[in-house]
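Novice: If it helps, the file is called work34.tsv and holds TSV, C-alpha atoms (C1' of nucleotides):
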```tsv
chain	number	residue	atom	x	y	z
U	1	MET	CA	-21.77	-19.99	9.30
U	2	GLU	CA	-21.96	-23.19	7.30
U	3	HIS	CA	-18.76	-24.60	5.94
U	4	GLY	CA	-18.09	-27.40	3.58
U	5	SER	CA	-14.75	-29.04	3.92
U	6	CYS	CA	-11.92	-26.75	2.92
U	7	VAL	CA	-9.79	-29.80	2.37
U	8	PRO	CA	-11.99	-32.26	0.55
U	9	GLN	CA	-10.52	-35.68	-0.10
U	10	GLY	CA	-8.41	-35.81	-3.20
U	11	THR	CA	-8.13	-32.06	-3.45
U	12	GLU	CA	-4.71	-30.99	-4.46
U	13	ILE	CA	-3.54	-29.14	-1.43
U	14	THR	CA	-2.11	-26.18	-3.29
U	15	ARG	CA	-5.52	-25.37	-4.73
U	16	THR	CA	-7.30	-24.84	-1.44
U	17	GLY	CA	-8.36	-21.39	-0.38
U	18	PHE	CA	-6.03	-21.59	2.55
U	19	HIS	CA	-2.99	-22.09	0.40
U	20	TYR	CA	-4.01	-19.36	-1.95
U	21	THR	CA	-4.22	-17.01	1.00
U	22	LEU	CA	-0.91	-18.25	2.40
U	23	SER	CA	0.75	-17.74	-0.97
U	24	LEU	CA	-0.16	-14.06	-0.72
U	25	ILE	CA	0.64	-13.26	2.90
U	26	GLY	CA	3.02	-16.06	3.85
U	27	GLY	CA	6.74	-15.64	4.20
U	28	LYS	CA	8.73	-13.53	6.56
U	29	TYR	CA	7.80	-9.96	5.71
U	30	LYS	CA	4.62	-9.54	3.70
U	31	MET	CA	2.35	-9.32	6.66
U	32	ALA	CA	4.57	-6.69	8.25
U	33	ILE	CA	4.46	-4.59	5.10
U	34	LEU	CA	0.67	-4.83	4.91
U	35	TYR	CA	0.42	-3.82	8.55
U	36	LEU	CA	2.61	-0.80	8.13
U	37	LEU	CA	0.52	0.33	5.20
U	38	THR	CA	-2.67	-0.16	7.20
U	39	GLU	CA	-1.39	2.06	9.93
U	40	CYS	CA	0.39	4.68	7.89
U	41	GLY	CA	-1.74	4.80	4.76
U	42	VAL	CA	0.93	5.77	2.25
U	43	LEU	CA	4.63	5.03	2.56
U	44	ARG	CA	7.68	5.42	0.39
U	45	HIS	CA	9.98	2.51	-0.26
U	46	ASN	CA	12.63	3.83	2.06
U	47	ALA	CA	10.15	4.52	4.85
U	48	ILE	CA	9.06	0.89	4.84
U	49	TYR	CA	12.67	-0.22	4.73
U	50	ARG	CA	13.54	1.74	7.84
U	51	ARG	CA	10.60	0.38	9.80
U	52	ILE	CA	11.06	-3.31	9.18
U	53	GLU	CA	13.94	-4.71	11.11
U	54	GLY	CA	16.21	-7.06	9.25
U	55	ILE	CA	14.76	-6.80	5.78
U	56	SER	CA	17.17	-6.19	2.95
U	57	TYR	CA	16.65	-3.60	0.28
U	58	LYS	CA	16.32	-6.21	-2.40
U	59	THR	CA	13.94	-8.40	-0.46
U	60	LEU	CA	11.69	-5.44	0.21
U	61	SER	CA	11.62	-4.69	-3.51
U	62	VAL	CA	10.70	-8.27	-4.31
U	63	MET	CA	7.98	-8.39	-1.65
U	64	LEU	CA	6.45	-5.13	-2.82
U	65	LYS	CA	6.51	-6.28	-6.41
U	66	GLU	CA	4.73	-9.50	-5.50
U	67	LEU	CA	2.18	-7.72	-3.34
U	68	ALA	CA	1.50	-5.36	-6.23
U	69	ALA	CA	1.21	-8.23	-8.70
U	70	ASP	CA	-1.26	-9.90	-6.36
U	71	GLY	CA	-3.32	-6.75	-6.20
U	72	LEU	CA	-2.81	-6.13	-2.51
U	73	VAL	CA	-0.86	-2.88	-2.77
U	74	VAL	CA	-0.69	-0.06	-5.29
U	75	ARG	CA	2.61	1.24	-6.50
U	76	LYS	CA	2.60	4.90	-7.47
U	77	GLU	CA	5.68	6.18	-9.21
U	78	TYR	CA	6.51	9.84	-9.60
U	79	PRO	CA	8.69	10.43	-12.68
U	80	GLN	CA	11.24	12.73	-11.14
U	81	VAL	CA	14.84	12.83	-10.04
U	82	PRO	CA	15.54	11.55	-7.50
U	83	PRO	CA	12.82	8.93	-7.97
U	84	LYS	CA	9.89	8.83	-5.61
U	85	VAL	CA	7.66	5.80	-5.24
U	86	GLU	CA	4.73	5.43	-2.91
U	87	TYR	CA	2.86	2.35	-1.81
U	88	MET	CA	-0.63	1.99	-0.37
U	89	LEU	CA	-3.13	-0.79	0.21
U	90	THR	CA	-5.80	-1.67	-2.32
U	91	GLU	CA	-9.34	-2.52	-1.27
U	92	ARG	CA	-8.38	-6.15	-1.70
U	93	GLY	CA	-5.38	-5.60	0.53
U	94	ARG	CA	-7.51	-3.96	3.21
U	95	SER	CA	-9.87	-6.93	3.18
U	96	LEU	CA	-7.00	-9.07	4.48
U	97	ILE	CA	-6.42	-6.97	7.56
U	98	PRO	CA	-8.97	-8.72	9.80
U	99	ILE	CA	-7.23	-12.00	9.09
U	100	LEU	CA	-3.85	-10.53	9.98
U	101	HIS	CA	-5.35	-9.19	13.20
U	102	ASN	CA	-6.74	-12.61	14.02
U	103	MET	CA	-3.41	-14.28	13.51
U	104	CYS	CA	-1.58	-11.65	15.53
U	105	ASP	CA	-4.05	-11.87	18.36
U	106	TRP	CA	-3.95	-15.63	18.48
U	107	GLY	CA	-0.17	-15.59	18.45
U	108	GLU	CA	0.06	-13.02	21.22
U	109	ARG	CA	-2.40	-14.90	23.39
U	110	HIS	CA	-0.98	-18.37	22.87
U	111	ARG	CA	2.71	-17.76	22.66
U	112	GLY	CA	4.38	-19.38	25.58
U	113	ASP	CA	1.52	-21.78	26.28
U	114	VAL	CA	3.71	-24.68	25.30
U	115	PRO	CA	6.30	-25.72	27.89
U	116	ALA	CA	9.16	-26.71	25.60
U	117	SER	CA	8.24	-24.48	22.69
U	118	ARG	CA	10.34	-24.74	19.57
S	119	MET	CA	-11.95	-3.59	17.83
S	120	GLU	CA	-9.05	-1.72	19.29
S	121	HIS	CA	-5.59	-2.83	18.34
S	122	GLY	CA	-2.18	-1.59	19.08
S	123	SER	CA	0.38	-2.07	16.36
S	124	CYS	CA	1.24	-5.69	15.83
S	125	VAL	CA	4.42	-4.57	14.16
S	126	PRO	CA	5.76	-1.80	16.33
S	127	GLN	CA	8.84	-0.01	15.09
S	128	GLY	CA	12.03	-1.79	15.96
S	129	THR	CA	10.28	-5.04	16.75
S	130	GLU	CA	12.13	-8.01	15.50
S	131	ILE	CA	9.75	-9.44	12.98
S	132	THR	CA	10.09	-13.04	14.06
S	133	ARG	CA	8.80	-12.18	17.51
S	134	THR	CA	5.45	-10.83	16.43
S	135	GLY	CA	2.30	-12.77	17.15
S	136	PHE	CA	1.72	-13.18	13.47
S	137	HIS	CA	4.98	-14.99	12.93
S	138	TYR	CA	4.49	-17.16	15.93
S	139	THR	CA	1.14	-18.24	14.49
S	140	LEU	CA	2.64	-18.73	11.04
S	141	SER	CA	5.40	-20.85	12.50
S	142	LEU	CA	2.74	-23.22	13.79
S	143	ILE	CA	0.36	-23.44	10.84
S	144	GLY	CA	2.52	-22.27	7.94
S	145	GLY	CA	4.03	-24.57	5.39
S	146	LYS	CA	2.36	-26.77	2.88
S	147	TYR	CA	0.48	-29.33	4.94
S	148	LYS	CA	-0.09	-28.41	8.55
S	149	MET	CA	-3.34	-26.67	7.97
S	150	ALA	CA	-4.67	-29.61	5.97
S	151	ILE	CA	-3.83	-31.96	8.82
S	152	LEU	CA	-5.55	-29.72	11.35
S	153	TYR	CA	-8.61	-29.53	9.14
S	154	LEU	CA	-8.85	-33.24	8.73
S	155	LEU	CA	-8.67	-33.70	12.47
S	156	THR	CA	-11.35	-31.08	12.98
S	157	GLU	CA	-13.70	-32.92	10.72
S	158	CYS	CA	-12.87	-36.49	11.64
S	159	GLY	CA	-12.05	-36.16	15.32
S	160	VAL	CA	-9.54	-38.98	15.60
S	161	LEU	CA	-7.39	-40.35	12.81
S	162	ARG	CA	-4.63	-42.87	12.45
S	163	HIS	CA	-1.40	-41.96	10.77
S	164	ASN	CA	-2.23	-43.90	7.66
S	165	ALA	CA	-5.72	-42.41	7.41
S	166	ILE	CA	-4.26	-38.92	7.30
S	167	TYR	CA	-1.68	-40.03	4.79
S	168	ARG	CA	-4.33	-41.36	2.42
S	169	ARG	CA	-6.41	-38.20	2.58
S	170	ILE	CA	-3.73	-35.62	1.88
S	171	GLU	CA	-2.73	-35.60	-1.73
S	172	GLY	CA	0.97	-35.34	-2.42
S	173	ILE	CA	2.32	-35.62	1.10
S	174	SER	CA	5.10	-38.11	1.67
S	175	TYR	CA	5.15	-40.51	4.54
S	176	LYS	CA	8.18	-38.89	6.03
S	177	THR	CA	6.85	-35.36	5.72
S	178	LEU	CA	3.62	-36.37	7.42
S	179	SER	CA	5.62	-37.84	10.30
S	180	VAL	CA	7.60	-34.65	10.65
S	181	MET	CA	4.51	-32.45	10.51
S	182	LEU	CA	2.69	-34.53	13.11
S	183	LYS	CA	5.69	-34.47	15.37
S	184	GLU	CA	5.94	-30.69	15.14
S	185	LEU	CA	2.21	-30.22	15.66
S	186	ALA	CA	2.43	-32.41	18.73
S	187	ALA	CA	5.48	-30.54	20.03
S	188	ASP	CA	3.56	-27.29	19.57
S	189	GLY	CA	0.65	-28.67	21.54
S	190	LEU	CA	-1.83	-28.55	18.68
S	191	VAL	CA	-2.42	-32.28	18.37
S	192	VAL	CA	-2.23	-35.24	20.72
S	193	ARG	CA	-0.45	-38.39	19.76
S	194	LYS	CA	-1.85	-41.54	21.31
S	195	GLU	CA	0.14	-44.70	20.88
S	196	TYR	CA	-1.19	-48.20	21.46
S	197	PRO	CA	1.61	-50.57	22.40
S	198	GLN	CA	0.65	-53.46	20.18
S	199	VAL	CA	1.76	-55.25	17.06
S	200	PRO	CA	1.19	-54.00	14.47
S	201	PRO	CA	1.53	-50.53	16.00
S	202	LYS	CA	-1.47	-48.25	16.14
S	203	VAL	CA	-1.20	-44.52	16.64
S	204	GLU	CA	-4.03	-42.03	16.74
S	205	TYR	CA	-3.99	-38.27	16.47
S	206	MET	CA	-6.55	-35.73	17.61
S	207	LEU	CA	-6.69	-32.00	18.18
S	208	THR	CA	-5.96	-30.42	21.53
S	209	GLU	CA	-8.02	-27.54	22.87
S	210	ARG	CA	-5.25	-25.27	21.72
S	211	GLY	CA	-5.45	-26.82	18.28
S	212	ARG	CA	-9.19	-26.33	18.12
S	213	SER	CA	-8.78	-22.66	18.99
S	214	LEU	CA	-6.96	-22.22	15.69
S	215	ILE	CA	-9.82	-23.49	13.59
S	216	PRO	CA	-11.65	-20.17	13.21
S	217	ILE	CA	-8.47	-18.65	11.81
S	218	LEU	CA	-8.10	-21.48	9.33
S	219	HIS	CA	-11.71	-20.98	8.29
S	220	ASN	CA	-11.12	-17.28	7.79
S	221	MET	CA	-8.13	-17.89	5.59
S	222	CYS	CA	-9.94	-20.54	3.58
S	223	ASP	CA	-12.95	-18.31	3.08
S	224	TRP	CA	-10.89	-15.33	2.06
S	225	GLY	CA	-8.93	-17.44	-0.38
S	226	GLU	CA	-12.02	-18.99	-1.91
S	227	ARG	CA	-13.69	-15.62	-2.32
S	228	HIS	CA	-10.69	-13.74	-3.68
S	229	ARG	CA	-8.99	-16.32	-5.78
S	230	GLY	CA	-9.10	-15.25	-9.38
S	231	ASP	CA	-9.73	-11.60	-8.60
S	232	VAL	CA	-6.36	-10.71	-9.99
S	233	PRO	CA	-6.11	-10.74	-13.80
S	234	ALA	CA	-2.63	-12.12	-14.24
S	235	SER	CA	-2.48	-14.07	-11.00
S	236	ARG	CA	0.76	-15.80	-10.15
V	237	DC	C1'	16.18	7.19	-4.28
V	238	DG	C1'	14.68	3.11	-5.84
V	239	DG	C1'	15.70	-0.16	-8.00
V	240	DT	C1'	18.06	-4.74	-10.77
V	241	DA	C1'	21.72	-8.54	-11.31
V	242	DT	C1'	24.31	-12.03	-9.40
V	243	DC	C1'	25.75	-15.25	-6.24
V	244	DC	C1'	25.02	-17.90	-2.01
V	245	DG	C1'	23.36	-20.35	2.31
V	246	DA	C1'	19.62	-22.35	5.07
V	247	DG	C1'	15.64	-24.91	5.44
V	248	DA	C1'	11.31	-27.17	3.69
V	249	DG	C1'	9.92	-30.91	1.58
V	250	DG	C1'	10.34	-35.28	-1.84
V	251	DA	C1'	12.25	-40.15	-3.04
V	252	DT	C1'	13.87	-44.20	-1.54
V	253	DA	C1'	15.32	-47.72	1.54
V	254	DC	C1'	15.36	-49.83	5.94
V	255	DT	C1'	13.46	-51.22	11.02
V	256	DG	C1'	10.57	-52.77	15.16
K	257	DC	C1'	1.62	-49.96	10.59
K	258	DA	C1'	4.36	-46.37	11.92
K	259	DG	C1'	8.52	-44.51	11.83
K	260	DT	C1'	13.88	-43.42	10.80
K	261	DA	C1'	17.82	-42.47	7.87
K	262	DT	C1'	19.88	-40.63	3.73
K	263	DC	C1'	20.17	-37.91	0.06
K	264	DC	C1'	18.52	-34.61	-3.08
K	265	DT	C1'	16.03	-30.47	-5.03
K	266	DC	C1'	13.90	-26.15	-4.91
K	267	DT	C1'	12.50	-21.83	-3.01
K	268	DC	C1'	13.15	-17.98	0.20
K	269	DG	C1'	15.71	-14.57	1.65
K	270	DG	C1'	20.59	-12.31	2.52
K	271	DA	C1'	24.98	-9.90	0.67
K	272	DT	C1'	27.04	-7.29	-2.49
K	273	DA	C1'	27.56	-4.56	-6.55
K	274	DC	C1'	25.94	-1.75	-10.16
K	275	DC	C1'	22.28	1.52	-12.78
K	276	DG	C1'	18.89	5.44	-14.13
```
Can you dump the structure from the file as structure tokens?
Specialist:
Amino acid sequence: MEHGSCVPQGTEITRTGFHYTLSLIGGKYKMAILYLLTECGVLRHNAIYRRIEGISYKTLSVMLKELAADGLVVRKEYPQVPPKVEYMLTERGRSLIPILHNMCDWGERHRGDVPASR
Amino acid sequence: MEHGSCVPQGTEITRTGFHYTLSLIGGKYKMAILYLLTECGVLRHNAIYRRIEGISYKTLSVMLKELAADGLVVRKEYPQVPPKVEYMLTERGRSLIPILHNMCDWGERHRGDVPASR
DNA sequence: CGGTATCCGAGAGGATACTG
DNA sequence: CAGTATCCTCTCGGATACCG
């Protein structure tokens, strides 16, 4: 696999592929949401909420909205009362999964390697 | 590739492997620093500073200190005047490179796929 | 049920000035 | 040259309250 530099001199850092990717999956919860959807296929808003420890209702809404805007998840709304909304991964979203796996694996393997870890 | 869930129910999110990894390479500049060191081998503080657009002197110091504390880079100080300090990747730091490449590649390939991208 | 609106605190990172 | 010390701003995410 031949790579040019991903951080060529003078490149504005926020325009690198890395930072584009980070802007989509970075932050505290997005990766967890994507994972849940990988494993469960389709989930309602409340189902995600219950499975992610610590997230607030509002934050989950914001995260899902951003993920949808970035084309990583699909939001399917059923016009009924009470409302029902389902979320699932897009093809684009699924293409991120190997990367998430890599990062998880690396973290699991290397956590604790550093004596006085932060 | 067989994986268990990286986000098991009830897991506190900040203790997942993913978030451990993100805590090391997340943020605006760390990945750029790691990349530069991959390509150049050994660099002085000022050399890194000149190659990363937008970073402040102080922020670079903080980033390098954290990367060193996390065992990803080595700081080598020459006790002379004027001071000379060199930075290079550790083995642990090098093991992260494939992940950085993955994220760069994905970003380069998928940037612009979304119509009204943020 | 699945939101939005509003307010707020913590932390990342920037600007500037100073030191060995 | 390399690094602190302040101070400041901006974004992320949390808390609470209200709406269709």
Novice: Which one is closest to Ala186 of chain S: S:Ile131, S:Ala165, S:Leu152, S:Cys158? Count only C-alpha atoms.
Specialist: S:Leu152
Novice: Could I get chain U fitted onto chain S (least squares, all C-alpha atoms, in order) as a tab-separated table (two decimals) with C-alpha atoms, in the frame of the given file?
Specialist:
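Saved to superposed_20.tsv:
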```
chain	number	residue	atom	x	y	z
U	1	MET	CA	-11.82	-4.18	19.17
U	2	GLU	CA	-8.85	-1.99	19.99
U	3	HIS	CA	-5.52	-2.94	18.56
U	4	GLY	CA	-2.09	-1.62	19.17
U	5	SER	CA	0.34	-2.07	16.36
U	6	CYS	CA	1.21	-5.70	15.79
U	7	VAL	CA	4.36	-4.56	14.08
U	8	PRO	CA	5.75	-1.80	16.24
U	9	GLN	CA	8.82	-0.03	14.95
U	10	GLY	CA	12.01	-1.81	15.79
U	11	THR	CA	10.26	-5.03	16.67
U	12	GLU	CA	12.11	-8.01	15.43
U	13	ILE	CA	9.74	-9.43	12.92
U	14	THR	CA	10.06	-13.02	14.03
U	15	ARG	CA	8.77	-12.13	17.48
U	16	THR	CA	5.41	-10.80	16.39
U	17	GLY	CA	2.26	-12.73	17.12
U	18	PHE	CA	1.69	-13.16	13.45
U	19	HIS	CA	4.95	-14.94	12.91
U	20	TYR	CA	4.44	-17.12	15.91
U	21	THR	CA	1.12	-18.19	14.47
U	22	LEU	CA	2.62	-18.70	11.02
U	23	SER	CA	5.40	-20.81	12.49
U	24	LEU	CA	2.74	-23.20	13.77
U	25	ILE	CA	0.36	-23.43	10.83
U	26	GLY	CA	2.53	-22.28	7.93
U	27	GLY	CA	4.02	-24.58	5.36
U	28	LYS	CA	2.36	-26.82	2.86
U	29	TYR	CA	0.46	-29.36	4.92
U	30	LYS	CA	-0.12	-28.42	8.54
U	31	MET	CA	-3.36	-26.65	7.93
U	32	ALA	CA	-4.68	-29.60	5.96
U	33	ILE	CA	-3.85	-31.96	8.80
U	34	LEU	CA	-5.57	-29.72	11.34
U	35	TYR	CA	-8.63	-29.54	9.11
U	36	LEU	CA	-8.87	-33.27	8.71
U	37	LEU	CA	-8.68	-33.71	12.45
U	38	THR	CA	-11.38	-31.09	12.96
U	39	GLU	CA	-13.71	-32.93	10.68
U	40	CYS	CA	-12.89	-36.49	11.62
U	41	GLY	CA	-12.04	-36.14	15.29
U	42	VAL	CA	-9.54	-38.98	15.60
U	43	LEU	CA	-7.40	-40.35	12.80
U	44	ARG	CA	-4.61	-42.86	12.47
U	45	HIS	CA	-1.38	-41.95	10.76
U	46	ASN	CA	-2.23	-43.92	7.68
U	47	ALA	CA	-5.72	-42.45	7.43
U	48	ILE	CA	-4.29	-38.95	7.29
U	49	TYR	CA	-1.72	-40.08	4.77
U	50	ARG	CA	-4.36	-41.40	2.42
U	51	ARG	CA	-6.43	-38.23	2.59
U	52	ILE	CA	-3.75	-35.67	1.87
U	53	GLU	CA	-2.73	-35.69	-1.73
U	54	GLY	CA	0.96	-35.49	-2.42
U	55	ILE	CA	2.32	-35.71	1.10
U	56	SER	CA	5.08	-38.19	1.72
U	57	TYR	CA	5.12	-40.61	4.60
U	58	LYS	CA	8.13	-38.96	6.13
U	59	THR	CA	6.83	-35.44	5.76
U	60	LEU	CA	3.59	-36.41	7.44
U	61	SER	CA	5.56	-37.85	10.35
U	62	VAL	CA	7.57	-34.66	10.68
U	63	MET	CA	4.48	-32.44	10.49
U	64	LEU	CA	2.64	-34.48	13.10
U	65	LYS	CA	5.64	-34.44	15.39
U	66	GLU	CA	5.89	-30.66	15.13
U	67	LEU	CA	2.17	-30.18	15.64
U	68	ALA	CA	2.40	-32.37	18.73
U	69	ALA	CA	5.43	-30.49	20.02
U	70	ASP	CA	3.54	-27.24	19.54
U	71	GLY	CA	0.62	-28.59	21.51
U	72	LEU	CA	-1.85	-28.50	18.66
U	73	VAL	CA	-2.45	-32.24	18.35
U	74	VAL	CA	-2.28	-35.18	20.72
U	75	ARG	CA	-0.48	-38.33	19.76
U	76	LYS	CA	-1.87	-41.48	21.33
U	77	GLU	CA	0.17	-44.61	20.89
U	78	TYR	CA	-1.16	-48.09	21.50
U	79	PRO	CA	1.66	-50.49	22.45
U	80	GLN	CA	0.73	-53.37	20.22
U	81	VAL	CA	1.84	-55.18	17.11
U	82	PRO	CA	1.26	-53.95	14.52
U	83	PRO	CA	1.58	-50.46	16.00
U	84	LYS	CA	-1.43	-48.21	16.18
U	85	VAL	CA	-1.17	-44.47	16.65
U	86	GLU	CA	-4.01	-42.01	16.78
U	87	TYR	CA	-4.01	-38.26	16.47
U	88	MET	CA	-6.57	-35.71	17.61
U	89	LEU	CA	-6.73	-31.96	18.16
U	90	THR	CA	-6.00	-30.38	21.52
U	91	GLU	CA	-8.06	-27.50	22.86
U	92	ARG	CA	-5.28	-25.23	21.69
U	93	GLY	CA	-5.46	-26.80	18.26
U	94	ARG	CA	-9.23	-26.31	18.09
U	95	SER	CA	-8.80	-22.64	18.95
U	96	LEU	CA	-6.97	-22.20	15.64
U	97	ILE	CA	-9.83	-23.48	13.53
U	98	PRO	CA	-11.65	-20.15	13.16
U	99	ILE	CA	-8.48	-18.65	11.76
U	100	LEU	CA	-8.10	-21.48	9.27
U	101	HIS	CA	-11.71	-20.97	8.24
U	102	ASN	CA	-11.09	-17.27	7.74
U	103	MET	CA	-8.10	-17.89	5.55
U	104	CYS	CA	-9.90	-20.54	3.52
U	105	ASP	CA	-12.91	-18.33	3.03
U	106	TRP	CA	-10.87	-15.35	1.99
U	107	GLY	CA	-8.89	-17.47	-0.43
U	108	GLU	CA	-11.99	-19.01	-1.98
U	109	ARG	CA	-13.65	-15.64	-2.39
U	110	HIS	CA	-10.66	-13.77	-3.76
U	111	ARG	CA	-8.93	-16.34	-5.86
U	112	GLY	CA	-9.06	-15.28	-9.44
U	113	ASP	CA	-9.69	-11.62	-8.65
U	114	VAL	CA	-6.31	-10.73	-10.05
U	115	PRO	CA	-6.07	-10.72	-13.85
U	116	ALA	CA	-2.54	-12.04	-14.29
U	117	SER	CA	-2.35	-14.00	-11.06
U	118	ARG	CA	0.92	-15.68	-10.23
```
Novice: If we count only C-alpha atoms (C1' of nucleotides) and set the cut-off at 12 Å, which residues sit around segment 169-179 of chain S, ignoring sequence neighbours fewer than 2 positions away in its own chain? Please answer as a PDB file with C-alpha atoms (C1' of nucleotides), in the coordinates of the input.
Specialist:
```
ATOM      1  CA  VAL U   7      -9.790 -29.800   2.370  1.00  0.00           C
ATOM      2  CA  PRO U   8     -11.990 -32.260   0.550  1.00  0.00           C
ATOM      3  CA  GLN U   9     -10.520 -35.680  -0.100  1.00  0.00           C
ATOM      4  CA  GLY U  10      -8.410 -35.810  -3.200  1.00  0.00           C
ATOM      5  CA  THR U  11      -8.130 -32.060  -3.450  1.00  0.00           C
ATOM      6  CA  GLU U  12      -4.710 -30.990  -4.460  1.00  0.00           C
ATOM      7  CA  ILE U  13      -3.540 -29.140  -1.430  1.00  0.00           C
ATOM      8  CA  THR U  14      -2.110 -26.180  -3.290  1.00  0.00           C
ATOM      9  CA  ARG U  15      -5.520 -25.370  -4.730  1.00  0.00           C
ATOM     10  CA  THR U  16      -7.300 -24.840  -1.440  1.00  0.00           C
TER      11      THR U  16
ATOM     12  CA  GLY S 145       4.030 -24.570   5.390  1.00  0.00           C
ATOM     13  CA  LYS S 146       2.360 -26.770   2.880  1.00  0.00           C
ATOM     14  CA  TYR S 147       0.480 -29.330   4.940  1.00  0.00           C
ATOM     15  CA  LYS S 148      -0.090 -28.410   8.550  1.00  0.00           C
ATOM     16  CA  MET S 149      -3.340 -26.670   7.970  1.00  0.00           C
ATOM     17  CA  ALA S 150      -4.670 -29.610   5.970  1.00  0.00           C
ATOM     18  CA  ILE S 151      -3.830 -31.960   8.820  1.00  0.00           C
ATOM     19  CA  LEU S 152      -5.550 -29.720  11.350  1.00  0.00           C
ATOM     20  CA  TYR S 153      -8.610 -29.530   9.140  1.00  0.00           C
ATOM     21  CA  LEU S 154      -8.850 -33.240   8.730  1.00  0.00           C
ATOM     22  CA  LEU S 155      -8.670 -33.700  12.470  1.00  0.00           C
ATOM     23  CA  CYS S 158     -12.870 -36.490  11.640  1.00  0.00           C
ATOM     24  CA  LEU S 161      -7.390 -40.350  12.810  1.00  0.00           C
ATOM     25  CA  ARG S 162      -4.630 -42.870  12.450  1.00  0.00           C
ATOM     26  CA  HIS S 163      -1.400 -41.960  10.770  1.00  0.00           C
ATOM     27  CA  ASN S 164      -2.230 -43.900   7.660  1.00  0.00           C
ATOM     28  CA  ALA S 165      -5.720 -42.410   7.410  1.00  0.00           C
ATOM     29  CA  ILE S 166      -4.260 -38.920   7.300  1.00  0.00           C
ATOM     30  CA  TYR S 167      -1.680 -40.030   4.790  1.00  0.00           C
ATOM     31  CA  MET S 181       4.510 -32.450  10.510  1.00  0.00           C
ATOM     32  CA  LEU S 182       2.690 -34.530  13.110  1.00  0.00           C
ATOM     33  CA  LYS S 183       5.690 -34.470  15.370  1.00  0.00           C
ATOM     34  CA  GLU S 184       5.940 -30.690  15.140  1.00  0.00           C
ATOM     35  CA  LEU S 185       2.210 -30.220  15.660  1.00  0.00           C
ATOM     36  CA  ALA S 186       2.430 -32.410  18.730  1.00  0.00           C
ATOM     37  CA  ARG S 193      -0.450 -38.390  19.760  1.00  0.00           C
ATOM     38  CA  VAL S 203      -1.200 -44.520  16.640  1.00  0.00           C
ATOM     39  CA  TYR S 205      -3.990 -38.270  16.470  1.00  0.00           C
TER      40      TYR S 205
ATOM     41  C1'  DA V 248      11.310 -27.170   3.690  1.00  0.00           C
ATOM     42  C1'  DG V 249       9.920 -30.910   1.580  1.00  0.00           C
ATOM     43  C1'  DG V 250      10.340 -35.280  -1.840  1.00  0.00           C
ATOM     44  C1'  DA V 251      12.250 -40.150  -3.040  1.00  0.00           C
ATOM     45  C1'  DT V 252      13.870 -44.200  -1.540  1.00  0.00           C
TER      46       DT V 252
ATOM     47  C1'  DC K 257       1.620 -49.960  10.590  1.00  0.00           C
ATOM     48  C1'  DA K 258       4.360 -46.370  11.920  1.00  0.00           C
ATOM     49  C1'  DG K 259       8.520 -44.510  11.830  1.00  0.00           C
ATOM     50  C1'  DT K 260      13.880 -43.420  10.800  1.00  0.00           C
ATOM     51  C1'  DA K 261      17.820 -42.470   7.870  1.00  0.00           C
TER      52       DA K 261
END
```
Novice: Name the residues, using the chain letters and numbers of the file, that sit within 8 Å of (0.5, -11.4, 16.3) when counting all atoms listed in the file, and give them as number ranges by chain.
Specialist: U: 100-108; S: 124, 134-139
Novice: Give the padded box for segment 146-149 of chain S as lines of an AutoDock Vina configuration file: axis-aligned, covering all atoms listed in the file, 8 Å on each side, centre and edge lengths in Å to one decimal.
Specialist:
```
center_x = -0.5
center_y = -28.0
center_z = 5.7
size_x = 21.7
size_y = 18.7
size_z = 21.7
```
Novice: For chain V, work out the contacting residues on chain U at 7 Å, counting only C-alpha atoms (C1' of nucleotides), and write them as a ChimeraX atom specification.
Specialist: /U:82-84
Novice: Which is closest to chain U among S:Val160, S:Leu207, S:Leu190, S:Val199, if we use all atoms listed in the file?
Specialist: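 Of S:Val160, S:Leu207, S:Leu190, S:Val199, the one nearest chain U, counting all atoms listed in the file, is S:Leu190.
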Novice: Can you measure atom CA of Glu209 of chain S to atom CA of Val180 of chain S for me? One decimal in Å is fine.
Specialist: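 Going from atom CA of Glu209 of chain S over to atom CA of Val180 of chain S, I get 21.1 Å.
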Novice: At what distance in Å, to one decimal, does atom CA of Pro216 of chain S lie from atom CA of Asp70 of chain U?
Specialist: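 Taking atom CA of Asp70 of chain U as the start and atom CA of Pro216 of chain S as the end point, the length is 24.4 Å.
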Novice: Please measure the separation of atom CA of Glu157 of chain S and atom CA of Ile143 of chain S, giving the value in Å to one decimal.
Specialist: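 A separation of 17.0 Å between them.
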Novice: What lies within 9 Å of Asp231 of chain S using all atoms listed in the file, ignoring chain neighbours under 3 positions off, as a list of chain:residue names?
Specialist: U:Asp70, U:Gly71, U:Arg92, S:Arg227, S:His228, S:Ser235
